[in-house]
>>> print(open('data-v7.cif').read())   # mmCIF, C-alpha atoms, pLDDT in the B column; chains and numbers go by the auth columns
data_structure
loop_
_atom_site.group_PDB
_atom_site.id
_atom_site.type_symbol
_atom_site.label_atom_id
_atom_site.label_comp_id
_atom_site.label_asym_id
_atom_site.label_seq_id
_atom_site.Cartn_x
_atom_site.Cartn_y
_atom_site.Cartn_z
_atom_site.B_iso_or_equiv
_atom_site.auth_seq_id
_atom_site.auth_asym_id
ATOM 1 C CA GLY A 1 0.581 -17.534 -6.440 64.00 1 O
ATOM 2 C CA GLN A 2 -0.951 -14.800 -4.360 75.00 2 O
ATOM 3 C CA ASN A 3 -4.626 -14.172 -3.807 87.00 3 O
ATOM 4 C CA ILE A 4 -6.097 -11.742 -1.312 92.00 4 O
ATOM 5 C CA ASP A 5 -9.857 -11.271 -1.331 94.00 5 O
ATOM 6 C CA GLN A 6 -12.122 -8.720 0.284 96.00 6 O
ATOM 7 C CA PRO A 7 -15.718 -7.661 -0.383 96.00 7 O
ATOM 8 C CA THR A 8 -15.803 -4.865 -2.918 94.00 8 O
ATOM 9 C CA GLU A 9 -18.259 -2.612 -1.138 96.00 9 O
ATOM 10 C CA MET A 10 -20.057 -2.385 2.197 97.00 10 O
ATOM 11 C CA THR A 11 -22.582 -0.005 3.668 97.00 11 O
ATOM 12 C CA ALA A 12 -23.166 0.658 7.362 97.00 12 O
ATOM 13 C CA THR A 13 -24.958 3.136 9.594 97.00 13 O
ATOM 14 C CA GLU A 14 -23.354 5.815 11.723 97.00 14 O
ATOM 15 C CA GLY A 15 -22.827 4.552 15.279 97.00 15 O
ATOM 16 C CA ALA A 16 -22.991 0.899 14.271 97.00 16 O
ATOM 17 C CA ILE A 17 -20.324 -1.803 14.074 97.00 17 O
ATOM 18 C CA VAL A 18 -19.005 -3.215 10.809 98.00 18 O
ATOM 19 C CA GLN A 19 -16.713 -6.156 10.097 98.00 19 O
ATOM 20 C CA ILE A 20 -14.636 -6.286 6.926 98.00 20 O
ATOM 21 C CA ASN A 21 -13.309 -9.721 6.049 98.00 21 O
ATOM 22 C CA CYS A 22 -10.125 -10.668 4.223 97.00 22 O
ATOM 23 C CA THR A 23 -9.046 -14.101 3.053 96.00 23 O
ATOM 24 C CA TYR A 24 -5.625 -14.783 1.665 94.00 24 O
ATOM 25 C CA GLN A 25 -3.593 -17.436 -0.084 91.00 25 O
ATOM 26 C CA THR A 26 0.075 -16.580 -0.409 82.00 26 O
ATOM 27 C CA SER A 27 3.231 -18.596 -0.886 78.00 27 O
ATOM 28 C CA GLY A 28 4.584 -17.223 2.385 79.00 28 O
ATOM 29 C CA PHE A 29 3.168 -15.299 5.320 85.00 29 O
ATOM 30 C CA ASN A 30 4.934 -12.908 7.636 83.00 30 O
ATOM 31 C CA GLY A 31 2.241 -10.568 8.890 90.00 31 O
ATOM 32 C CA LEU A 32 -1.017 -8.948 7.841 94.00 32 O
ATOM 33 C CA PHE A 33 -1.751 -5.239 7.747 93.00 33 O
ATOM 34 C CA TRP A 34 -4.883 -3.158 7.435 95.00 34 O
ATOM 35 C CA TYR A 35 -4.743 0.280 5.856 94.00 35 O
ATOM 36 C CA GLN A 36 -7.350 2.993 5.393 95.00 36 O
ATOM 37 C CA GLN A 37 -7.403 5.042 2.216 93.00 37 O
ATOM 38 C CA HIS A 38 -9.590 8.054 1.499 93.00 38 O
ATOM 39 C CA ALA A 39 -10.251 8.906 -2.125 87.00 39 O
ATOM 40 C CA GLY A 40 -7.275 10.557 -3.786 83.00 40 O
ATOM 41 C CA GLU A 41 -5.036 10.118 -0.771 87.00 41 O
ATOM 42 C CA ALA A 42 -2.306 7.719 0.274 86.00 42 O
ATOM 43 C CA PRO A 43 -3.083 4.770 2.557 90.00 43 O
ATOM 44 C CA THR A 44 -2.634 5.164 6.294 90.00 44 O
ATOM 45 C CA PHE A 45 -1.745 2.343 8.675 90.00 45 O
ATOM 46 C CA LEU A 46 -4.470 0.948 10.923 93.00 46 O
ATOM 47 C CA SER A 47 -3.306 -2.354 12.361 93.00 47 O
ATOM 48 C CA TYR A 48 -0.872 -5.240 12.202 91.00 48 O
ATOM 49 C CA ASN A 49 -1.283 -8.929 13.073 94.00 49 O
ATOM 50 C CA VAL A 50 1.388 -11.595 12.900 91.00 50 O
ATOM 51 C CA LEU A 51 0.087 -14.009 15.553 93.00 51 O
ATOM 52 C CA ASP A 52 -3.396 -15.480 15.806 96.00 52 O
ATOM 53 C CA GLY A 53 -5.882 -13.489 17.787 96.00 53 O
ATOM 54 C CA LEU A 54 -7.360 -10.056 18.216 96.00 54 O
ATOM 55 C CA GLU A 55 -5.485 -6.765 18.272 94.00 55 O
ATOM 56 C CA GLU A 56 -7.470 -3.814 19.611 93.00 56 O
ATOM 57 C CA LYS A 57 -6.706 -0.199 18.949 89.00 57 O
ATOM 58 C CA GLY A 58 -9.396 2.230 20.031 93.00 58 O
ATOM 59 C CA ARG A 59 -12.423 1.921 17.754 96.00 59 O
ATOM 60 C CA PHE A 60 -10.547 -0.452 15.459 96.00 60 O
ATOM 61 C CA SER A 61 -9.750 -4.119 16.062 97.00 61 O
ATOM 62 C CA SER A 62 -8.190 -6.682 13.779 97.00 62 O
ATOM 63 C CA PHE A 63 -8.302 -10.450 14.020 98.00 63 O
ATOM 64 C CA LEU A 64 -6.081 -13.074 12.418 97.00 64 O
ATOM 65 C CA SER A 65 -6.339 -16.834 11.942 97.00 65 O
ATOM 66 C CA ARG A 66 -3.273 -18.095 10.108 94.00 66 O
ATOM 67 C CA SER A 67 -4.571 -21.661 9.797 94.00 67 O
ATOM 68 C CA LYS A 68 -7.664 -20.384 8.008 95.00 68 O
ATOM 69 C CA GLY A 69 -5.921 -17.687 5.993 95.00 69 O
ATOM 70 C CA TYR A 70 -8.450 -15.221 7.367 96.00 70 O
ATOM 71 C CA SER A 71 -8.517 -11.804 8.945 98.00 71 O
ATOM 72 C CA TYR A 72 -11.134 -9.226 9.723 98.00 72 O
ATOM 73 C CA LEU A 73 -11.146 -5.556 10.614 98.00 73 O
ATOM 74 C CA LEU A 74 -13.799 -4.465 13.094 98.00 74 O
ATOM 75 C CA LEU A 75 -14.852 -0.841 13.249 97.00 75 O
ATOM 76 C CA LYS A 76 -16.987 0.257 16.200 97.00 76 O
ATOM 77 C CA GLU A 77 -19.029 3.401 16.776 97.00 77 O
ATOM 78 C CA LEU A 78 -18.890 4.244 13.118 97.00 78 O
ATOM 79 C CA GLN A 79 -18.461 7.859 12.140 97.00 79 O
ATOM 80 C CA MET A 80 -19.095 9.519 8.807 97.00 80 O
ATOM 81 C CA LYS A 81 -15.359 10.126 8.428 96.00 81 O
ATOM 82 C CA ASP A 82 -14.827 6.347 8.421 97.00 82 O
ATOM 83 C CA SER A 83 -16.187 6.272 4.873 97.00 83 O
ATOM 84 C CA ALA A 84 -13.114 5.134 2.945 96.00 84 O
ATOM 85 C CA SER A 85 -11.468 2.143 1.323 95.00 85 O
ATOM 86 C CA TYR A 86 -9.988 -0.460 3.652 97.00 86 O
ATOM 87 C CA LEU A 87 -7.077 -2.423 2.314 95.00 87 O
ATOM 88 C CA CYS A 88 -5.878 -5.778 3.600 96.00 88 O
ATOM 89 C CA ALA A 89 -2.199 -6.436 2.869 93.00 89 O
ATOM 90 C CA VAL A 90 -0.081 -9.531 3.434 92.00 90 O
ATOM 91 C CA ARG A 91 3.663 -9.579 3.796 87.00 91 O
ATOM 92 C CA ASP A 92 4.949 -12.386 1.622 78.00 92 O
ATOM 93 C CA TYR A 93 8.522 -13.416 2.336 70.00 93 O
ATOM 94 C CA GLY A 94 9.256 -15.067 -0.973 58.00 94 O
ATOM 95 C CA ASP A 95 12.856 -13.948 -0.717 54.00 95 O
ATOM 96 C CA GLY A 96 13.490 -15.350 2.752 51.00 96 O
ATOM 97 C CA GLY A 97 11.859 -12.599 4.760 49.00 97 O
ATOM 98 C CA ALA A 98 14.492 -9.968 4.279 51.00 98 O
ATOM 99 C CA THR A 99 12.180 -7.365 2.813 61.00 99 O
ATOM 100 C CA ASN A 100 8.884 -5.838 3.876 64.00 100 O
ATOM 101 C CA LYS A 101 7.115 -6.277 0.551 78.00 101 O
ATOM 102 C CA LEU A 102 3.367 -5.994 1.008 85.00 102 O
ATOM 103 C CA ILE A 103 0.840 -7.431 -1.383 87.00 103 O
ATOM 104 C CA PHE A 104 -2.512 -5.674 -1.218 91.00 104 O
ATOM 105 C CA GLY A 105 -5.982 -7.095 -1.510 90.00 105 O
ATOM 106 C CA THR A 106 -8.694 -5.705 -3.710 86.00 106 O
ATOM 107 C CA GLY A 107 -9.859 -3.231 -1.057 93.00 107 O
ATOM 108 C CA THR A 108 -13.309 -2.696 0.455 96.00 108 O
ATOM 109 C CA LEU A 109 -15.111 0.588 -0.095 95.00 109 O
ATOM 110 C CA LEU A 110 -17.088 1.363 3.051 97.00 110 O
ATOM 111 C CA ALA A 111 -19.921 3.878 2.938 97.00 111 O
ATOM 112 C CA VAL A 112 -21.185 5.123 6.309 97.00 112 O
ATOM 113 C CA GLN A 113 -24.702 6.509 6.164 96.00 113 O
ATOM 114 C CA PRO A 114 -26.452 8.788 8.664 95.00 114 O
ATOM 115 C CA GLY B 1 5.323 7.717 12.805 63.00 1 A
ATOM 116 C CA ALA B 2 7.556 8.459 9.887 74.00 2 A
ATOM 117 C CA VAL B 3 7.244 10.865 6.978 87.00 3 A
ATOM 118 C CA VAL B 4 7.543 9.967 3.336 91.00 4 A
ATOM 119 C CA SER B 5 7.205 12.751 0.823 92.00 5 A
ATOM 120 C CA GLN B 6 6.472 12.442 -2.867 94.00 6 A
ATOM 121 C CA HIS B 7 6.870 15.033 -5.591 95.00 7 A
ATOM 122 C CA PRO B 8 5.164 16.127 -7.742 95.00 8 A
ATOM 123 C CA SER B 9 1.637 15.532 -6.424 94.00 9 A
ATOM 124 C CA TRP B 10 0.245 15.680 -9.901 94.00 10 A
ATOM 125 C CA VAL B 11 1.675 16.059 -13.359 95.00 11 A
ATOM 126 C CA ILE B 12 0.259 16.371 -16.844 96.00 12 A
ATOM 127 C CA CYS B 13 2.482 15.578 -19.775 95.00 13 A
ATOM 128 C CA LYS B 14 2.330 14.970 -23.488 96.00 14 A
ATOM 129 C CA SER B 15 2.525 11.510 -24.947 96.00 15 A
ATOM 130 C CA GLY B 16 6.116 10.497 -25.661 96.00 16 A
ATOM 131 C CA THR B 17 7.731 12.550 -22.930 96.00 17 A
ATOM 132 C CA SER B 18 9.354 11.237 -19.753 97.00 18 A
ATOM 133 C CA VAL B 19 8.266 12.059 -16.230 97.00 19 A
ATOM 134 C CA LYS B 20 10.266 11.710 -13.030 97.00 20 A
ATOM 135 C CA ILE B 21 8.653 11.202 -9.626 97.00 21 A
ATOM 136 C CA GLU B 22 10.662 11.584 -6.437 96.00 22 A
ATOM 137 C CA CYS B 23 10.116 9.773 -3.157 95.00 23 A
ATOM 138 C CA ARG B 24 11.923 10.932 -0.030 94.00 24 A
ATOM 139 C CA SER B 25 12.002 9.607 3.507 92.00 25 A
ATOM 140 C CA LEU B 26 12.258 12.802 5.523 91.00 26 A
ATOM 141 C CA ASP B 27 13.064 11.629 9.038 87.00 27 A
ATOM 142 C CA PHE B 28 14.526 8.174 8.602 87.00 28 A
ATOM 143 C CA GLN B 29 16.795 6.214 6.301 87.00 29 A
ATOM 144 C CA ALA B 30 15.244 3.645 4.014 84.00 30 A
ATOM 145 C CA THR B 31 17.419 1.048 2.328 80.00 31 A
ATOM 146 C CA THR B 32 14.309 -0.222 0.598 86.00 32 A
ATOM 147 C CA MET B 33 11.415 1.643 -0.924 91.00 33 A
ATOM 148 C CA PHE B 34 8.441 0.305 -2.815 92.00 34 A
ATOM 149 C CA TRP B 35 6.614 1.728 -5.802 95.00 35 A
ATOM 150 C CA TYR B 36 2.923 1.013 -6.265 95.00 36 A
ATOM 151 C CA ARG B 37 0.457 1.893 -8.964 95.00 37 A
ATOM 152 C CA GLN B 38 -3.234 2.373 -8.439 91.00 38 A
ATOM 153 C CA PHE B 39 -5.986 2.636 -11.042 86.00 39 A
ATOM 154 C CA PRO B 40 -9.307 4.290 -10.151 82.00 40 A
ATOM 155 C CA LYS B 41 -11.343 2.270 -7.671 79.00 41 A
ATOM 156 C CA GLN B 42 -8.746 -0.465 -7.600 84.00 42 A
ATOM 157 C CA SER B 43 -6.203 -1.563 -5.060 85.00 43 A
ATOM 158 C CA LEU B 44 -2.475 -0.959 -5.015 91.00 44 A
ATOM 159 C CA MET B 45 -0.378 -2.980 -7.396 93.00 45 A
ATOM 160 C CA LEU B 46 3.258 -3.438 -6.458 92.00 46 A
ATOM 161 C CA MET B 47 5.473 -2.423 -9.351 94.00 47 A
ATOM 162 C CA ALA B 48 8.971 -2.754 -7.964 93.00 48 A
ATOM 163 C CA THR B 49 11.186 -2.787 -4.933 90.00 49 A
ATOM 164 C CA SER B 50 13.810 -0.074 -4.935 88.00 50 A
ATOM 165 C CA ASN B 51 17.087 -1.011 -3.274 83.00 51 A
ATOM 166 C CA GLU B 52 19.655 1.593 -2.264 83.00 52 A
ATOM 167 C CA GLY B 53 22.860 1.179 -4.206 82.00 53 A
ATOM 168 C CA SER B 54 21.665 -1.690 -6.367 84.00 54 A
ATOM 169 C CA LYS B 55 19.207 -2.515 -9.105 87.00 55 A
ATOM 170 C CA ALA B 56 15.514 -2.447 -8.452 90.00 56 A
ATOM 171 C CA THR B 57 13.516 -5.666 -8.328 90.00 57 A
ATOM 172 C CA TYR B 58 10.535 -5.538 -10.641 93.00 58 A
ATOM 173 C CA GLU B 59 7.315 -7.488 -10.283 91.00 59 A
ATOM 174 C CA GLN B 60 6.206 -9.780 -13.048 90.00 60 A
ATOM 175 C CA GLY B 61 4.692 -7.917 -15.949 92.00 61 A
ATOM 176 C CA VAL B 62 6.280 -4.554 -15.134 94.00 62 A
ATOM 177 C CA GLU B 63 8.617 -3.268 -17.831 94.00 63 A
ATOM 178 C CA LYS B 64 11.919 -2.225 -16.309 93.00 64 A
ATOM 179 C CA ASP B 65 12.870 -0.150 -19.339 94.00 65 A
ATOM 180 C CA LYS B 66 9.571 1.670 -19.157 96.00 66 A
ATOM 181 C CA PHE B 67 9.659 2.408 -15.442 96.00 67 A
ATOM 182 C CA LEU B 68 13.196 3.342 -14.481 96.00 68 A
ATOM 183 C CA ILE B 69 13.939 3.285 -10.776 94.00 69 A
ATOM 184 C CA ASN B 70 16.971 4.810 -9.134 91.00 70 A
ATOM 185 C CA HIS B 71 17.696 4.646 -5.397 88.00 71 A
ATOM 186 C CA ALA B 72 20.807 6.774 -5.146 82.00 72 A
ATOM 187 C CA SER B 73 20.728 7.511 -1.431 88.00 73 A
ATOM 188 C CA LEU B 74 19.176 6.236 1.777 88.00 74 A
ATOM 189 C CA THR B 75 16.473 8.895 1.614 91.00 75 A
ATOM 190 C CA LEU B 76 15.649 9.209 -2.073 93.00 76 A
ATOM 191 C CA SER B 77 14.209 6.947 -4.725 93.00 77 A
ATOM 192 C CA THR B 78 13.022 8.118 -8.130 95.00 78 A
ATOM 193 C CA LEU B 79 10.635 6.582 -10.640 96.00 79 A
ATOM 194 C CA THR B 80 10.913 7.745 -14.243 97.00 80 A
ATOM 195 C CA VAL B 81 8.106 6.879 -16.624 97.00 81 A
ATOM 196 C CA THR B 82 9.810 6.896 -20.005 96.00 82 A
ATOM 197 C CA SER B 83 8.045 7.697 -23.273 96.00 83 A
ATOM 198 C CA ALA B 84 4.769 8.035 -21.454 96.00 84 A
ATOM 199 C CA HIS B 85 1.512 7.038 -23.121 96.00 85 A
ATOM 200 C CA PRO B 86 -2.096 7.640 -22.082 95.00 86 A
ATOM 201 C CA GLU B 87 -2.333 4.112 -20.656 94.00 87 A
ATOM 202 C CA ASP B 88 0.400 5.077 -18.173 95.00 88 A
ATOM 203 C CA SER B 89 -1.959 7.587 -16.603 95.00 89 A
ATOM 204 C CA SER B 90 -2.402 6.441 -13.017 94.00 90 A
ATOM 205 C CA PHE B 91 -1.813 7.194 -9.356 94.00 91 A
ATOM 206 C CA TYR B 92 1.744 6.259 -8.385 96.00 92 A
ATOM 207 C CA ILE B 93 2.536 5.819 -4.701 95.00 93 A
ATOM 208 C CA CYS B 94 5.852 5.140 -3.039 95.00 94 A
ATOM 209 C CA SER B 95 6.380 3.684 0.412 92.00 95 A
ATOM 210 C CA ALA B 96 9.199 2.901 2.799 89.00 96 A
ATOM 211 C CA SER B 97 9.630 1.046 6.033 79.00 97 A
ATOM 212 C CA LYS B 98 11.218 2.712 9.023 72.00 98 A
ATOM 213 C CA ASP B 99 12.199 -0.473 10.806 65.00 99 A
ATOM 214 C CA HIS B 100 13.273 -3.866 9.603 59.00 100 A
ATOM 215 C CA ILE B 101 11.443 -7.052 10.459 55.00 101 A
ATOM 216 C CA LEU B 102 14.746 -8.802 11.095 55.00 102 A
ATOM 217 C CA ALA B 103 15.419 -6.212 13.781 55.00 103 A
ATOM 218 C CA GLY B 104 12.147 -7.016 15.498 58.00 104 A
ATOM 219 C CA GLY B 105 10.080 -4.264 13.932 62.00 105 A
ATOM 220 C CA THR B 106 6.683 -4.662 12.310 67.00 106 A
ATOM 221 C CA GLY B 107 7.917 -3.451 8.968 69.00 107 A
ATOM 222 C CA GLU B 108 4.956 -1.108 8.704 76.00 108 A
ATOM 223 C CA LEU B 109 5.034 0.807 5.463 82.00 109 A
ATOM 224 C CA PHE B 110 4.679 4.569 5.409 87.00 110 A
ATOM 225 C CA PHE B 111 3.302 5.975 2.203 91.00 111 A
ATOM 226 C CA GLY B 112 4.013 9.126 0.283 92.00 112 A
ATOM 227 C CA GLU B 113 1.164 11.397 -0.743 90.00 113 A
ATOM 228 C CA GLY B 114 1.020 9.860 -4.196 93.00 114 A
ATOM 229 C CA SER B 115 1.570 11.339 -7.645 95.00 115 A
ATOM 230 C CA ARG B 116 -1.256 11.515 -10.139 94.00 116 A
ATOM 231 C CA LEU B 117 0.053 11.257 -13.686 96.00 117 A
ATOM 232 C CA THR B 118 -2.088 12.215 -16.657 96.00 118 A
ATOM 233 C CA VAL B 119 -0.660 11.614 -20.105 96.00 119 A
ATOM 234 C CA LEU B 120 -2.402 13.474 -22.913 95.00 120 A
#
>>> encode(input="data-v7.cif", output="structure tokens")
Amino acid sequence: GQNIDQPTEMTATEGAIVQINCTYQTSGFNGLFWYQQHAGEAPTFLSYNVLDGLEEKGRFSSFLSRSKGYSYLLLKELQMKDSASYLCAVRDYGDGGATNKLIFGTGTLLAVQP
Amino acid sequence: GAVVSQHPSWVICKSGTSVKIECRSLDFQATTMFWYRQFPKQSLMLMATSNEGSKATYEQGVEKDKFLINHASLTLSTLTVTSAHPEDSSFYICSASKDHILAGGTGELFFGEGSRLTVL
């Protein structure tokens, strides 16, 4: 089966750093994505990890440990506009890896306070 | 990036009617598109994989006769909610990948704007 877990909600202060964790158990693994979604809008791509380690992209970084089935998204210098849902998604290659089917986690609603 | 457009953005219909939602990749060809459904304050649930020129692949628990998917061209997939009922009210989002993982790409999905369906 497939199971992707994230905390439901988090609160952080403007200017601070926040880490959003994601743990997964899937039948196959071929990459992990993080997406940001503002209320009523479509998700937008933030980061992609397929090998262990840290990927940095401006204020956002994402880490992956395949052996632990664990990833985190790190947001630095938080801004009010970062208030959104953050979705962890795993590509599961149940059909041999030919498709890019993503299975999404429960999502974490981040509230940034002044 | 790549652009995926969805239409309509929102639709209100009466119970028992059918509603069609279009998903277009505007600046790239997509042999595969994905349809997701999202309930308020919940994550995206994959409904089906739309394959150009062949039948869609539905996820477990999704009724294929209820949610008809047609992928007639490399830039267009449609989702038709047949005989809609209030419980079908939801946010439907399509997505497509610009590059294929077998070709060395990340397979990043680009999402349409979403279509909010309300069935009265």
>>> resolve_selection(input="data-v7.cif", expression="the PyMOL selection byres ((chain A and resi 59) around 12)", output="list in words")
Lys101 and Ile103 of chain O; Phe34, Trp35, Tyr36, Arg37, Met45, Leu46, Met47, Ala48, Thr49, Ser50, Ala56, Thr57, Tyr58, Gln60, Gly61, Val62, Glu63, Lys64 and Phe67 of chain A
>>> residues_around(input="data-v7.cif", residues="segment 22-25 of chain O", least_positions_apart="6", cutoff="10 Å", atoms="all atoms listed in the file", output="ChimeraX atom specification")
/O:1-7,32,34,63-66,68-73,87-90,105-108
>>> resolve_selection(input="data-v7.cif", expression="the PyMOL selection byres ((chain A) within 10 of (chain O))", output="ChimeraX atom specification")
/A:1,31-34,36,40-46,48-49,91-97,99-102,106-116
>>> resolve_selection(input="data-v7.cif", expression="the PyMOL selection byres ((chain O and resi 10) around 7)", output="PDB file with C-alpha atoms, keeping the file's coordinate frame")
ATOM      1  CA  GLU O   9     -18.259  -2.612  -1.138  1.00 96.00           C
ATOM      2  CA  THR O  11     -22.582  -0.005   3.668  1.00 97.00           C
ATOM      3  CA  ALA O  12     -23.166   0.658   7.362  1.00 97.00           C
ATOM      4  CA  THR O 108     -13.309  -2.696   0.455  1.00 96.00           C
ATOM      5  CA  LEU O 109     -15.111   0.588  -0.095  1.00 95.00           C
ATOM      6  CA  LEU O 110     -17.088   1.363   3.051  1.00 97.00           C
ATOM      7  CA  ALA O 111     -19.921   3.878   2.938  1.00 97.00           C
TER       8      ALA O 111
END
>>> residues_around(input="data-v7.cif", residues="Thr82 of chain A", least_positions_apart="3", cutoff="10 Å", atoms="all atoms listed in the file", output="list in words")
Ser15, Gly16, Thr17, Ser18, Val19, Lys20, Asp65, Lys66, Phe67, Leu68, Leu79, His85 and Asp88 of chain A
>>> residues_near_point(input="data-v7.cif", point="(6.8, 14.3, -7.6)", cutoff="7 Å", atoms="only C-alpha atoms", output="MDAnalysis selection string")
chainID A and resid 6:9 20:22 115
>>> atom_distance(input="data-v7.cif", atom1="atom CA of Gly28 of chain O", atom2="atom CA of Lys57 of chain O")
26.3 Å
>>> atom_distance(input="data-v7.cif", atom1="atom CA of Ser62 of chain O", atom2="atom CA of Ala2 of chain A")
22.2 Å
>>> closest_residue(input="data-v7.cif", among="O:Ser27, O:Tyr93, O:Gly53, O:Pro114", to="Lys81 of chain O", atoms="all atoms listed in the file")
O:Pro114
>>> axis_aligned_box(input="data-v7.cif", around="segment 25-30 of chain O", padding_each_side="8 Å", output="lines of an AutoDock Vina configuration file")
center_x = 0.7
center_y = -15.8
center_z = 3.4
size_x = 24.5
size_y = 21.7
size_z = 24.5
>>> build_atoms(input="data-v7.cif", residues="segment 27-34 of chain A", atoms="all heavy atoms", output="mmCIF file, in the coordinates of the input")
data_model
loop_
_atom_site.group_PDB
_atom_site.id
_atom_site.type_symbol
_atom_site.label_atom_id
_atom_site.label_comp_id
_atom_site.auth_asym_id
_atom_site.auth_seq_id
_atom_site.Cartn_x
_atom_site.Cartn_y
_atom_site.Cartn_z
ATOM 1 N N ASP A 27 12.515 11.700 7.679
ATOM 2 C CA ASP A 27 13.064 11.629 9.038
ATOM 3 C C ASP A 27 13.616 10.255 9.373
ATOM 4 O O ASP A 27 13.798 9.919 10.552
ATOM 5 C CB ASP A 27 12.018 12.059 10.061
ATOM 6 C CG ASP A 27 10.725 11.262 9.924
ATOM 7 O OD1 ASP A 27 10.627 10.438 8.993
ATOM 8 O OD2 ASP A 27 9.816 11.461 10.744
ATOM 9 N N PHE A 28 13.897 9.466 8.350
ATOM 10 C CA PHE A 28 14.526 8.174 8.602
ATOM 11 C C PHE A 28 15.219 7.724 7.322
ATOM 12 O O PHE A 28 14.969 8.241 6.238
ATOM 13 C CB PHE A 28 13.501 7.127 9.055
ATOM 14 C CG PHE A 28 12.479 6.746 8.008
ATOM 15 C CD1 PHE A 28 12.622 5.577 7.267
ATOM 16 C CD2 PHE A 28 11.374 7.543 7.772
ATOM 17 C CE1 PHE A 28 11.681 5.219 6.316
ATOM 18 C CE2 PHE A 28 10.423 7.195 6.828
ATOM 19 C CZ PHE A 28 10.585 6.030 6.089
ATOM 20 N N GLN A 29 16.100 6.752 7.459
ATOM 21 C CA GLN A 29 16.795 6.214 6.301
ATOM 22 C C GLN A 29 16.101 4.934 5.850
ATOM 23 O O GLN A 29 15.719 4.103 6.672
ATOM 24 C CB GLN A 29 18.258 5.931 6.656
ATOM 25 C CG GLN A 29 19.046 7.189 6.965
ATOM 26 C CD GLN A 29 20.514 6.902 7.245
ATOM 27 O OE1 GLN A 29 20.858 5.835 7.726
ATOM 28 N NE2 GLN A 29 21.370 7.848 6.922
ATOM 29 N N ALA A 30 15.952 4.792 4.567
ATOM 30 C CA ALA A 30 15.244 3.645 4.014
ATOM 31 C C ALA A 30 16.129 2.960 2.976
ATOM 32 O O ALA A 30 16.335 3.497 1.893
ATOM 33 C CB ALA A 30 13.928 4.086 3.390
ATOM 34 N N THR A 31 16.623 1.779 3.311
ATOM 35 C CA THR A 31 17.419 1.048 2.328
ATOM 36 C C THR A 31 16.533 0.468 1.237
ATOM 37 O O THR A 31 17.001 0.166 0.154
ATOM 38 C CB THR A 31 18.196 -0.097 2.996
ATOM 39 O OG1 THR A 31 17.253 -0.934 3.695
ATOM 40 C CG2 THR A 31 19.207 0.433 3.984
ATOM 41 N N THR A 32 15.257 0.334 1.560
ATOM 42 C CA THR A 32 14.309 -0.222 0.598
ATOM 43 C C THR A 32 13.072 0.647 0.516
ATOM 44 O O THR A 32 12.522 1.040 1.537
ATOM 45 C CB THR A 32 13.897 -1.651 1.003
ATOM 46 O OG1 THR A 32 15.055 -2.458 1.156
ATOM 47 C CG2 THR A 32 12.984 -2.265 -0.047
ATOM 48 N N MET A 33 12.675 0.935 -0.683
ATOM 49 C CA MET A 33 11.415 1.643 -0.924
ATOM 50 C C MET A 33 10.615 0.852 -1.947
ATOM 51 O O MET A 33 11.175 0.076 -2.715
ATOM 52 C CB MET A 33 11.670 3.068 -1.429
ATOM 53 C CG MET A 33 12.292 3.987 -0.390
ATOM 54 S SD MET A 33 12.449 5.674 -1.033
ATOM 55 C CE MET A 33 13.078 6.522 0.414
ATOM 56 N N PHE A 34 9.327 1.059 -1.934
ATOM 57 C CA PHE A 34 8.441 0.305 -2.815
ATOM 58 C C PHE A 34 7.616 1.273 -3.652
ATOM 59 O O PHE A 34 7.134 2.293 -3.158
ATOM 60 C CB PHE A 34 7.503 -0.588 -1.999
ATOM 61 C CG PHE A 34 8.228 -1.558 -1.106
ATOM 62 C CD1 PHE A 34 8.537 -1.194 0.196
ATOM 63 C CD2 PHE A 34 8.599 -2.797 -1.560
ATOM 64 C CE1 PHE A 34 9.217 -2.076 1.032
ATOM 65 C CE2 PHE A 34 9.278 -3.680 -0.733
ATOM 66 C CZ PHE A 34 9.585 -3.316 0.559
#
